[in-house]
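J.: For reference, the structure I am asking about is given below.
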Amino acid sequence: MAVAAISKYEFAPTDTQDKFHGAQLLYIGWEDHLLFCAPFAFPFPPTMRFGDVVAGPMQAAFGYHPDFAQIDWAKVEWFKSGKPVTLDFDKSLAENGLKHKDVIRFRTPGLAGIEGSCS
Amino acid sequence: MDMQVAKKKLGLKERYAVMTRGLDWTPSYQKMEDIYPYIAYEGIKIHDWDKWEDPFRLTMDAYWKYQAEKERKLYAIIDAFNQNNGHLNVTDARYVNTVKLFISGISPLEYVAHRGFAHAGRAFPGPGPRVACLMQSLDEIRHAQTQVHSISNYNKYYNGMHDFHHMHDRVWFLSVPKSFFDDAITAGPFEFMVSIGFSFEYVLTNLLFVPFVSGAAYNGDMGTMTFGFSAQSDEARHMTLGLEVIKFILEQDPANVPIVQRWIDKWTWRGYRVLTLVAMMMDYMLPKRTMSWKEAWEVYFEENGGALFKDLARYGITMPKCAEQIALEKDHLSHQAWSTFYNYAAAANFHTWMPDEDEMAWLSSKYPESFDKLYRPRYEFWREQAAKGNRFYNKTLPMLCQTCQIPMIFTEPGDATKICYREVDYKGDKYHFCSDHCKEIFEHEPEKYVQAWLPVHQIYQGNCFPEGTDPTVEGFDPLAAVLKYYNLEHGRDNLDFDISEDKKNFAEWRGQATKNI
Amino acid sequence: MSTVFLALQTNEDTRPIIEAILQDNPSAVVDEQPAMVKINADGRLVVRRETIEELIGRDYDLQELQVNMITMSGNLDQTDDEITLFWKS
Ligand SMILES: [Fe+2]
Ligand SMILES: [Fe+2]
């Protein structure tokens, strides 16, 4: 469908990748841990190693939760746009097929938040 | 009030006709479509503008008289409130945070409503709706002004309100109400009337004003109660205008029905999402509660809105389909919202806190299905951590919904343990949504919503730092720069209520007011 | 029939008006809330000028009610003599 308008209605989208100074957006959500009220948005260079994302920004963002230190990363299940995906810690975001504004989630089997409440 | 009733020469109906249609004329040297250029493009067909009638039959002369009376009553009370240090009579200083939310989130919308109704009124060829829109436009600027005036007294004593309009245009969560209204005023005049006049004023306004105003009354805030009632006294007229506009459009042409239905669906959802702020205010921010969000929703939407849509069924209009999802969310909405502001307490212009034992018990009793199972463990954990000096301040920015601009905090309908993710690919980019309804709204007009000014993305683009900031220097602190851009003072306007200047000052001032020291 | 309602501020102006409404609408039910009186009725509620005038002992213009109204529900029709709130179905 199109916007009803009195003349041509065409404007540039606000959040294309070229506006982020070399970074691309990546959204990351931790399943069953709603103590963090929403998934996070991060700006990362596409060349960033995925393992560095986990060890750096993800540790900083999710580390407050007592479950975070318990995570066995070998058992973590990853999802991209809701579908299972394999992500290689040694490859970059781009090499892992992650593009601007992609959303990934991770599930940590055996860890279901504060007293199992998914918080 | 003891007004003299002048003997009138004309009856109400005749006077209304004379003062509306009687003042109109048919242009002879300009074409109608040049004078009213915005009236056709939305696809709404109107055959006879004279079929419109304001059921109150209020004319401008009477309007001025009654509005003047309202102002006199209001200012008498504002003066008394200020002269008697009325701010010290509120239940406790946490209450003031609802006032902060109101002045920065709602009052600026009153001003935009003023502009919106002025614009819509100008666009309509019919004198009836034009006069009604003129009145509402004047009402709305009165609301903005009297709210600023009443709340200015709180601003003398408490933090976070000093630059509310600047904040409204910048602070992350205020983009939610701001973008809602911007969406409405950038639509055509008919959609504007359905969005604000009908969906917001008629269907949802009772959920905004009645809780705020009775919340103020319950919590000893005479100032807010009075401007609230003064604004509300215009509301009955606005609601009537909203309902009349719908009935008028629907009666004019059957082709209007599906267009109007889509607008009702869209704007009921958009308005409901904005009311997330009210839900948390009712359940968490009023020290003395009036009713729970869930109860308010049941009375004012399910019961009342149910009656309304039953009445509109004769035109072929049905209850907006989002009502089903809203019913599933009512056990969770306020808790998910309060958790969000507890998370991001470092970046807001008001304080948050954890409910005490009594308040937790109240929440359990009002939300037996959800509170103890899902939210109490979270709060107890946060409370323990805060007691250990480890209060949670989330410093990583959240993912936002492209349509409502709220962080993606909402859970799947029917499963409150899973965040609801929806996405769309449009012209090579991905767009994310909190719900099927926000996604559908985007899909209907993607060209509009790709322009959204999402605060999180704007921060990452470097557009939310004070002018001259260099984000590439060693040790650059983005949160500090963003707070400066918001004109919020870290440690004073933000963070937990427990450590706030507001709390400390209120205790001291109240002590001085009640003891001889 | 669905419920219609009218909510008025609680004050000296509205006290006789509420009394008048209750006289004229036997099915009306008063719900007193902080600083606000909500009057609910089944399907239809009428506010009559004459009844109010009898109670206050002076002429009354129904438009004065504009000053004290808070909110309402239902379709509305106002004449010199009556304000009616109603649902059609
Ligand atoms: Fe208003
Ligand atoms: Fe949304």
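Note on naming: chains are A, B, ... as they come in the structure tokens, residues start from 1 per chain, ligands start from 1 in the order shown.
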Write out as a list in words the set of residues from chain A that DSSP, computed on the backbone, places in strand (DSSP E).
T.: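 Residues meeting the strand (DSSP E) criterion: Gln24, Leu25, Leu26, Tyr27, Ile28, Gly29, Trp30, Phe40, Ala41, Phe42, Pro43, Phe44, Glu77, Trp78, Phe79, Lys80, Lys83, Pro84, Val85, Asp102, Val103, Ile104, Arg105, Phe106 and Arg107 of chain A.
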J.: Residues contacting ligand 2 - anything with an atom at most 7 Å away, using only C-alpha atoms and all ligand atoms - can you give me those as a compact mmCIF listing (two decimals) with all heavy atoms, in the first residue's frame?
T.:
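Resulting contents of pocket26.txt:
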```
# COMPACT_ATOMS: atom_id res chain seq x y z
N CYS B 401 10.90 -0.52 18.52
CA CYS B 401 9.90 -0.81 17.48
C CYS B 401 9.86 0.37 16.51
O CYS B 401 9.81 1.53 16.93
CB CYS B 401 8.52 -1.01 18.12
SG CYS B 401 7.19 -1.12 16.91
N GLN B 402 9.87 0.07 15.24
CA GLN B 402 9.91 1.11 14.21
C GLN B 402 8.64 1.97 14.21
O GLN B 402 8.68 3.14 13.84
CB GLN B 402 10.06 0.46 12.83
CG GLN B 402 10.24 1.42 11.67
CD GLN B 402 11.66 1.98 11.57
OE1 GLN B 402 12.61 1.36 12.05
NE2 GLN B 402 11.81 3.14 10.95
N THR B 403 7.52 1.41 14.65
CA THR B 403 6.26 2.16 14.57
C THR B 403 5.96 2.92 15.85
O THR B 403 5.79 4.13 15.83
CB THR B 403 5.09 1.20 14.24
OG1 THR B 403 5.38 0.53 13.03
CG2 THR B 403 3.78 1.97 14.08
N CYS B 404 5.88 2.22 16.98
CA CYS B 404 5.52 2.90 18.23
C CYS B 404 6.73 3.49 18.93
O CYS B 404 6.57 4.29 19.84
CB CYS B 404 4.75 1.97 19.16
SG CYS B 404 5.75 0.63 19.85
N GLN B 405 7.93 3.09 18.52
CA GLN B 405 9.20 3.60 19.05
C GLN B 405 9.46 3.18 20.49
O GLN B 405 10.38 3.69 21.13
CB GLN B 405 9.30 5.12 18.88
CG GLN B 405 9.01 5.56 17.45
CD GLN B 405 9.62 6.91 17.09
OE1 GLN B 405 10.25 7.57 17.89
NE2 GLN B 405 9.42 7.31 15.84
N ILE B 406 8.66 2.29 21.03
CA ILE B 406 8.89 1.77 22.38
C ILE B 406 9.96 0.68 22.27
O ILE B 406 9.98 -0.06 21.29
CB ILE B 406 7.58 1.20 22.97
CG1 ILE B 406 6.52 2.32 23.06
CG2 ILE B 406 7.82 0.59 24.36
CD1 ILE B 406 5.17 1.86 23.59
N PHE B 433 9.55 -4.75 14.73
CA PHE B 433 8.30 -4.31 15.36
C PHE B 433 8.03 -5.09 16.64
O PHE B 433 8.43 -6.25 16.76
CB PHE B 433 7.13 -4.49 14.39
CG PHE B 433 7.42 -3.84 13.07
CD1 PHE B 433 7.97 -4.58 12.03
CD2 PHE B 433 7.22 -2.48 12.90
CE1 PHE B 433 8.31 -3.97 10.83
CE2 PHE B 433 7.55 -1.87 11.70
CZ PHE B 433 8.09 -2.62 10.66
N CYS B 434 7.28 -4.44 17.52
CA CYS B 434 6.95 -5.04 18.82
C CYS B 434 5.76 -5.96 18.72
O CYS B 434 5.43 -6.65 19.68
CB CYS B 434 6.64 -3.93 19.82
SG CYS B 434 5.06 -3.12 19.50
N SER B 435 5.04 -5.95 17.60
CA SER B 435 3.74 -6.63 17.55
C SER B 435 3.26 -6.74 16.11
O SER B 435 3.74 -6.01 15.23
CB SER B 435 2.72 -5.80 18.32
OG SER B 435 2.70 -4.48 17.79
N CYS B 438 1.78 -3.18 15.09
CA CYS B 438 2.75 -2.16 14.66
C CYS B 438 3.32 -2.54 13.29
O CYS B 438 3.58 -1.67 12.46
CB CYS B 438 3.87 -2.00 15.69
SG CYS B 438 3.41 -0.91 17.06
```
J.: Set the cut-off to 9 Å, count only C-alpha atoms and all ligand atoms, and list whatever residues fall near ligand 1 as a short mmCIF file (atom, residue, chain, number, x, y, z; two decimals) with N, CA, C and O atoms, in the first residue's frame.
T.:
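Full text of out.cif as output:
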```
data_model
loop_
_atom_site.label_atom_id
_atom_site.label_comp_id
_atom_site.auth_asym_id
_atom_site.auth_seq_id
_atom_site.Cartn_x
_atom_site.Cartn_y
_atom_site.Cartn_z
N SER B 107 1.77 17.35 28.24
CA SER B 107 1.48 18.77 27.96
C SER B 107 1.95 19.21 26.57
O SER B 107 1.21 19.95 25.89
N LEU B 109 1.89 17.55 23.99
CA LEU B 109 0.90 17.02 23.04
C LEU B 109 -0.32 17.92 22.98
O LEU B 109 -0.99 18.01 21.94
N GLU B 110 -0.65 18.55 24.10
CA GLU B 110 -1.79 19.48 24.10
C GLU B 110 -1.52 20.59 23.08
O GLU B 110 -2.41 20.99 22.34
N TYR B 111 -0.29 21.05 23.09
CA TYR B 111 0.06 22.12 22.15
C TYR B 111 -0.05 21.64 20.70
O TYR B 111 -0.58 22.34 19.83
N ALA B 113 -1.91 19.28 19.67
CA ALA B 113 -3.34 19.10 19.40
C ALA B 113 -3.97 20.44 19.00
O ALA B 113 -4.79 20.51 18.09
N HIS B 114 -3.54 21.49 19.66
CA HIS B 114 -4.01 22.84 19.30
C HIS B 114 -3.73 23.13 17.83
O HIS B 114 -4.60 23.56 17.08
N GLN B 136 -12.07 23.38 19.81
CA GLN B 136 -11.15 22.40 20.40
C GLN B 136 -9.71 22.90 20.29
O GLN B 136 -8.91 22.70 21.21
N SER B 137 -9.39 23.58 19.21
CA SER B 137 -8.04 24.11 19.05
C SER B 137 -7.73 25.10 20.18
O SER B 137 -6.64 25.08 20.77
N ASP B 139 -9.26 25.17 23.11
CA ASP B 139 -9.21 24.38 24.35
C ASP B 139 -7.82 23.83 24.56
O ASP B 139 -7.28 23.85 25.66
N GLU B 140 -7.25 23.29 23.48
CA GLU B 140 -5.98 22.57 23.62
C GLU B 140 -4.84 23.52 23.98
O GLU B 140 -3.97 23.16 24.77
N ILE B 141 -4.86 24.71 23.43
CA ILE B 141 -3.77 25.63 23.83
C ILE B 141 -4.00 26.08 25.27
O ILE B 141 -3.05 26.26 26.04
N ARG B 142 -5.25 26.18 25.66
CA ARG B 142 -5.54 26.48 27.07
C ARG B 142 -5.01 25.36 27.97
O ARG B 142 -4.41 25.62 29.01
N HIS B 143 -5.21 24.10 27.53
CA HIS B 143 -4.69 22.99 28.34
C HIS B 143 -3.18 23.07 28.48
O HIS B 143 -2.64 22.92 29.57
N ALA B 144 -2.51 23.31 27.36
CA ALA B 144 -1.04 23.39 27.42
C ALA B 144 -0.63 24.49 28.38
O ALA B 144 0.21 24.29 29.26
N GLU B 201 -9.61 10.75 21.78
CA GLU B 201 -10.50 11.49 22.68
C GLU B 201 -11.70 10.66 23.13
O GLU B 201 -12.10 10.71 24.27
N ALA B 231 -9.33 20.93 32.35
CA ALA B 231 -9.14 20.40 31.00
C ALA B 231 -10.23 19.38 30.68
O ALA B 231 -10.80 19.37 29.59
N GLN B 232 -10.55 18.54 31.67
CA GLN B 232 -11.57 17.52 31.45
C GLN B 232 -12.93 18.13 31.10
O GLN B 232 -13.70 17.54 30.37
N ASP B 234 -13.56 20.34 29.19
CA ASP B 234 -13.64 20.49 27.73
C ASP B 234 -13.79 19.13 27.04
O ASP B 234 -14.16 19.05 25.87
N GLU B 235 -13.42 18.11 27.78
CA GLU B 235 -13.28 16.79 27.19
C GLU B 235 -14.63 16.22 26.71
O GLU B 235 -14.70 15.56 25.69
N HIS B 238 -15.09 17.44 23.43
CA HIS B 238 -14.19 16.80 22.46
C HIS B 238 -14.65 15.40 22.09
O HIS B 238 -14.57 14.97 20.95
#
```
J.: To one decimal in Å, tell me the separation between CA of Pro57 in chain A and CA of Ile104 in chain A.
T.: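 For CA of Pro57 in chain A relative to CA of Ile104 in chain A, the distance reads 14.4 Å.
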J.: Give me, as a VMD selection string, the contact residues of chain A against chain B at a cut-off of 6 Å, counting only C-alpha atoms.
T.: chain A and resid 1 to 4 13 to 14 20 37 to 41 61 101 117 to 119
J.: Which residue gives the smallest distance to Val30 in chain C among C:Asp80, C:Leu8, C:Asp59, C:Arg48, with only C-alpha atoms counted?
T.: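 For Val30 in chain C, the nearest of the given residues is C:Leu8.
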J.: Kindly determine which residues of chain C lie within 12 Å of chain B, considering only C-alpha atoms, and give the answer as a PyMOL selection string.
T.: chain C and resi 1-14+32-38+40+42-43+53+56-89
J.: Take CA of Leu241 in chain B and CA of Ile44 in chain B and report the distance between them in Å, one decimal.
T.: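 If I compute the distance from CA of Leu241 in chain B to CA of Ile44 in chain B, I get 17.8 Å.
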J.: Using only C-alpha atoms, can you tell me which of A:His21, A:His65, A:Arg49, A:His33 comes closest to Asp90 in chain A?
T.: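 Closest residue, counting only C-alpha atoms: A:Arg49.
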J.: As a list in words, please: the residues near Asp24 in chain C (cut-off 9 Å, only C-alpha atoms, same-chain neighbours under 4 positions excluded).
T.: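 Counting only C-alpha atoms, the residues come to Glu19, Ala20, Ala28, Leu45, Val46, Val47, Arg48 and Thr51 of chain C.
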J.: Leaving out range 79-81 of chain A and any residue of its chain fewer than 2 positions from it, which residues lie within 7 Å of it when counting only C-alpha atoms, given as a count of residues only?
T.: 8
J.: When you look at Arg170 in chain B with a cut-off of 10 Å (counting only C-alpha atoms), what residues show up, excluding the ones that are within fewer than 4 positions of it in the same chain? I need them as number ranges by chain.
T.: B: 164-166, 174-175, 178, 453, 455, 458, 464, 482, 485-487
J.: Tell me, as a PyMOL selection string, which residues lie within 12 Å of Ala69 in chain A, counting only C-alpha atoms; anything in the same chain fewer than 4 positions away does not count.
T.: chain A and resi 55+58-60+62-65+73+108+111
J.: Next, the residues of the selection above should be written as an mmCIF file, in the first residue's frame with all heavy atoms.
T.:
```cif
data_model
loop_
_atom_site.group_PDB
_atom_site.id
_atom_site.type_symbol
_atom_site.label_atom_id
_atom_site.label_comp_id
_atom_site.auth_asym_id
_atom_site.auth_seq_id
_atom_site.Cartn_x
_atom_site.Cartn_y
_atom_site.Cartn_z
ATOM 1 N N ALA A 55 32.711 -11.496 24.055
ATOM 2 C CA ALA A 55 33.586 -11.258 25.207
ATOM 3 C C ALA A 55 33.572 -9.800 25.662
ATOM 4 O O ALA A 55 33.751 -9.515 26.840
ATOM 5 C CB ALA A 55 35.013 -11.666 24.856
ATOM 6 N N MET A 58 28.907 -7.825 24.801
ATOM 7 C CA MET A 58 27.844 -8.663 25.386
ATOM 8 C C MET A 58 28.102 -8.906 26.859
ATOM 9 O O MET A 58 27.178 -8.883 27.677
ATOM 10 C CB MET A 58 27.711 -9.988 24.628
ATOM 11 C CG MET A 58 26.864 -9.821 23.366
ATOM 12 S SD MET A 58 26.678 -11.342 22.434
ATOM 13 C CE MET A 58 25.755 -12.364 23.553
ATOM 14 N N GLN A 59 29.366 -9.143 27.205
ATOM 15 C CA GLN A 59 29.732 -9.291 28.620
ATOM 16 C C GLN A 59 29.339 -8.015 29.388
ATOM 17 O O GLN A 59 28.735 -8.076 30.462
ATOM 18 C CB GLN A 59 31.239 -9.575 28.725
ATOM 19 C CG GLN A 59 31.889 -9.239 30.060
ATOM 20 C CD GLN A 59 31.465 -10.187 31.184
ATOM 21 O OE1 GLN A 59 31.348 -11.384 30.974
ATOM 22 N NE2 GLN A 59 31.211 -9.632 32.366
ATOM 23 N N ALA A 60 29.628 -6.849 28.797
ATOM 24 C CA ALA A 60 29.322 -5.583 29.476
ATOM 25 C C ALA A 60 27.813 -5.391 29.617
ATOM 26 O O ALA A 60 27.328 -4.919 30.643
ATOM 27 C CB ALA A 60 29.928 -4.422 28.699
ATOM 28 N N PHE A 62 25.236 -7.806 29.390
ATOM 29 C CA PHE A 62 24.465 -8.852 30.074
ATOM 30 C C PHE A 62 25.112 -9.322 31.378
ATOM 31 O O PHE A 62 24.529 -10.120 32.113
ATOM 32 C CB PHE A 62 24.309 -10.074 29.154
ATOM 33 C CG PHE A 62 23.459 -9.842 27.926
ATOM 34 C CD1 PHE A 62 24.025 -9.806 26.651
ATOM 35 C CD2 PHE A 62 22.079 -9.682 28.035
ATOM 36 C CE1 PHE A 62 23.238 -9.621 25.512
ATOM 37 C CE2 PHE A 62 21.293 -9.500 26.899
ATOM 38 C CZ PHE A 62 21.871 -9.464 25.633
ATOM 39 N N GLY A 63 26.349 -8.881 31.637
ATOM 40 C CA GLY A 63 27.127 -9.433 32.759
ATOM 41 C C GLY A 63 26.521 -9.222 34.133
ATOM 42 O O GLY A 63 26.863 -9.949 35.070
ATOM 43 N N TYR A 64 25.629 -8.274 34.278
ATOM 44 C CA TYR A 64 25.000 -8.016 35.583
ATOM 45 C C TYR A 64 24.219 -9.236 36.068
ATOM 46 O O TYR A 64 24.074 -9.477 37.257
ATOM 47 C CB TYR A 64 24.061 -6.811 35.450
ATOM 48 C CG TYR A 64 23.401 -6.376 36.751
ATOM 49 C CD1 TYR A 64 24.039 -5.483 37.618
ATOM 50 C CD2 TYR A 64 22.128 -6.847 37.108
ATOM 51 C CE1 TYR A 64 23.430 -5.074 38.800
ATOM 52 C CE2 TYR A 64 21.522 -6.446 38.286
ATOM 53 C CZ TYR A 64 22.170 -5.555 39.129
ATOM 54 O OH TYR A 64 21.572 -5.155 40.300
ATOM 55 N N HIS A 65 23.722 -10.030 35.132
ATOM 56 C CA HIS A 65 22.874 -11.168 35.499
ATOM 57 C C HIS A 65 23.731 -12.319 36.016
ATOM 58 O O HIS A 65 24.695 -12.719 35.367
ATOM 59 C CB HIS A 65 22.066 -11.623 34.286
ATOM 60 C CG HIS A 65 20.852 -12.407 34.666
ATOM 61 N ND1 HIS A 65 20.933 -13.645 35.281
ATOM 62 C CD2 HIS A 65 19.530 -12.124 34.556
ATOM 63 C CE1 HIS A 65 19.701 -14.083 35.509
ATOM 64 N NE2 HIS A 65 18.828 -13.181 35.078
ATOM 65 N N TRP A 73 29.241 -21.645 26.572
ATOM 66 C CA TRP A 73 29.044 -21.085 25.223
ATOM 67 C C TRP A 73 28.990 -22.158 24.144
ATOM 68 O O TRP A 73 28.421 -21.931 23.072
ATOM 69 C CB TRP A 73 30.116 -20.036 24.917
ATOM 70 C CG TRP A 73 29.866 -18.793 25.740
ATOM 71 C CD1 TRP A 73 30.476 -18.447 26.902
ATOM 72 C CD2 TRP A 73 28.875 -17.778 25.484
ATOM 73 N NE1 TRP A 73 29.939 -17.270 27.408
ATOM 74 C CE2 TRP A 73 28.954 -16.836 26.542
ATOM 75 C CE3 TRP A 73 27.932 -17.571 24.477
ATOM 76 C CZ2 TRP A 73 28.135 -15.711 26.619
ATOM 77 C CZ3 TRP A 73 27.121 -16.452 24.544
ATOM 78 C CH2 TRP A 73 27.223 -15.535 25.621
ATOM 79 N N THR A 108 20.166 -20.133 26.423
ATOM 80 C CA THR A 108 21.183 -20.780 27.240
ATOM 81 C C THR A 108 20.523 -21.919 28.001
ATOM 82 O O THR A 108 19.939 -21.697 29.056
ATOM 83 C CB THR A 108 21.789 -19.757 28.217
ATOM 84 O OG1 THR A 108 20.721 -19.028 28.864
ATOM 85 C CG2 THR A 108 22.667 -18.755 27.488
ATOM 86 N N LEU A 111 19.547 -22.449 31.894
ATOM 87 C CA LEU A 111 19.519 -21.162 32.597
ATOM 88 C C LEU A 111 18.226 -20.436 32.215
ATOM 89 O O LEU A 111 18.034 -20.085 31.059
ATOM 90 C CB LEU A 111 20.731 -20.312 32.219
ATOM 91 C CG LEU A 111 22.108 -20.923 32.528
ATOM 92 C CD1 LEU A 111 23.217 -20.042 31.959
ATOM 93 C CD2 LEU A 111 22.300 -21.121 34.032
#
```
J.: As an exercise, work out the distance from CA of Asn97 in chain B to CA of Thr352 in chain B in Å and give it to one decimal place.
T.: 8.3 Å
J.: Write out as a PyMOL selection string each polymer residue whose atoms come within 12 Å of Asp221 in chain B, counting only C-alpha atoms; drop sequence neighbours fewer than 5 positions from it.
T.: (chain B and resi 77-78+81-82+85-93+95-96+98-99+150-151+153-154+212-216+226-228+286-288) or (chain C and resi 34-35)
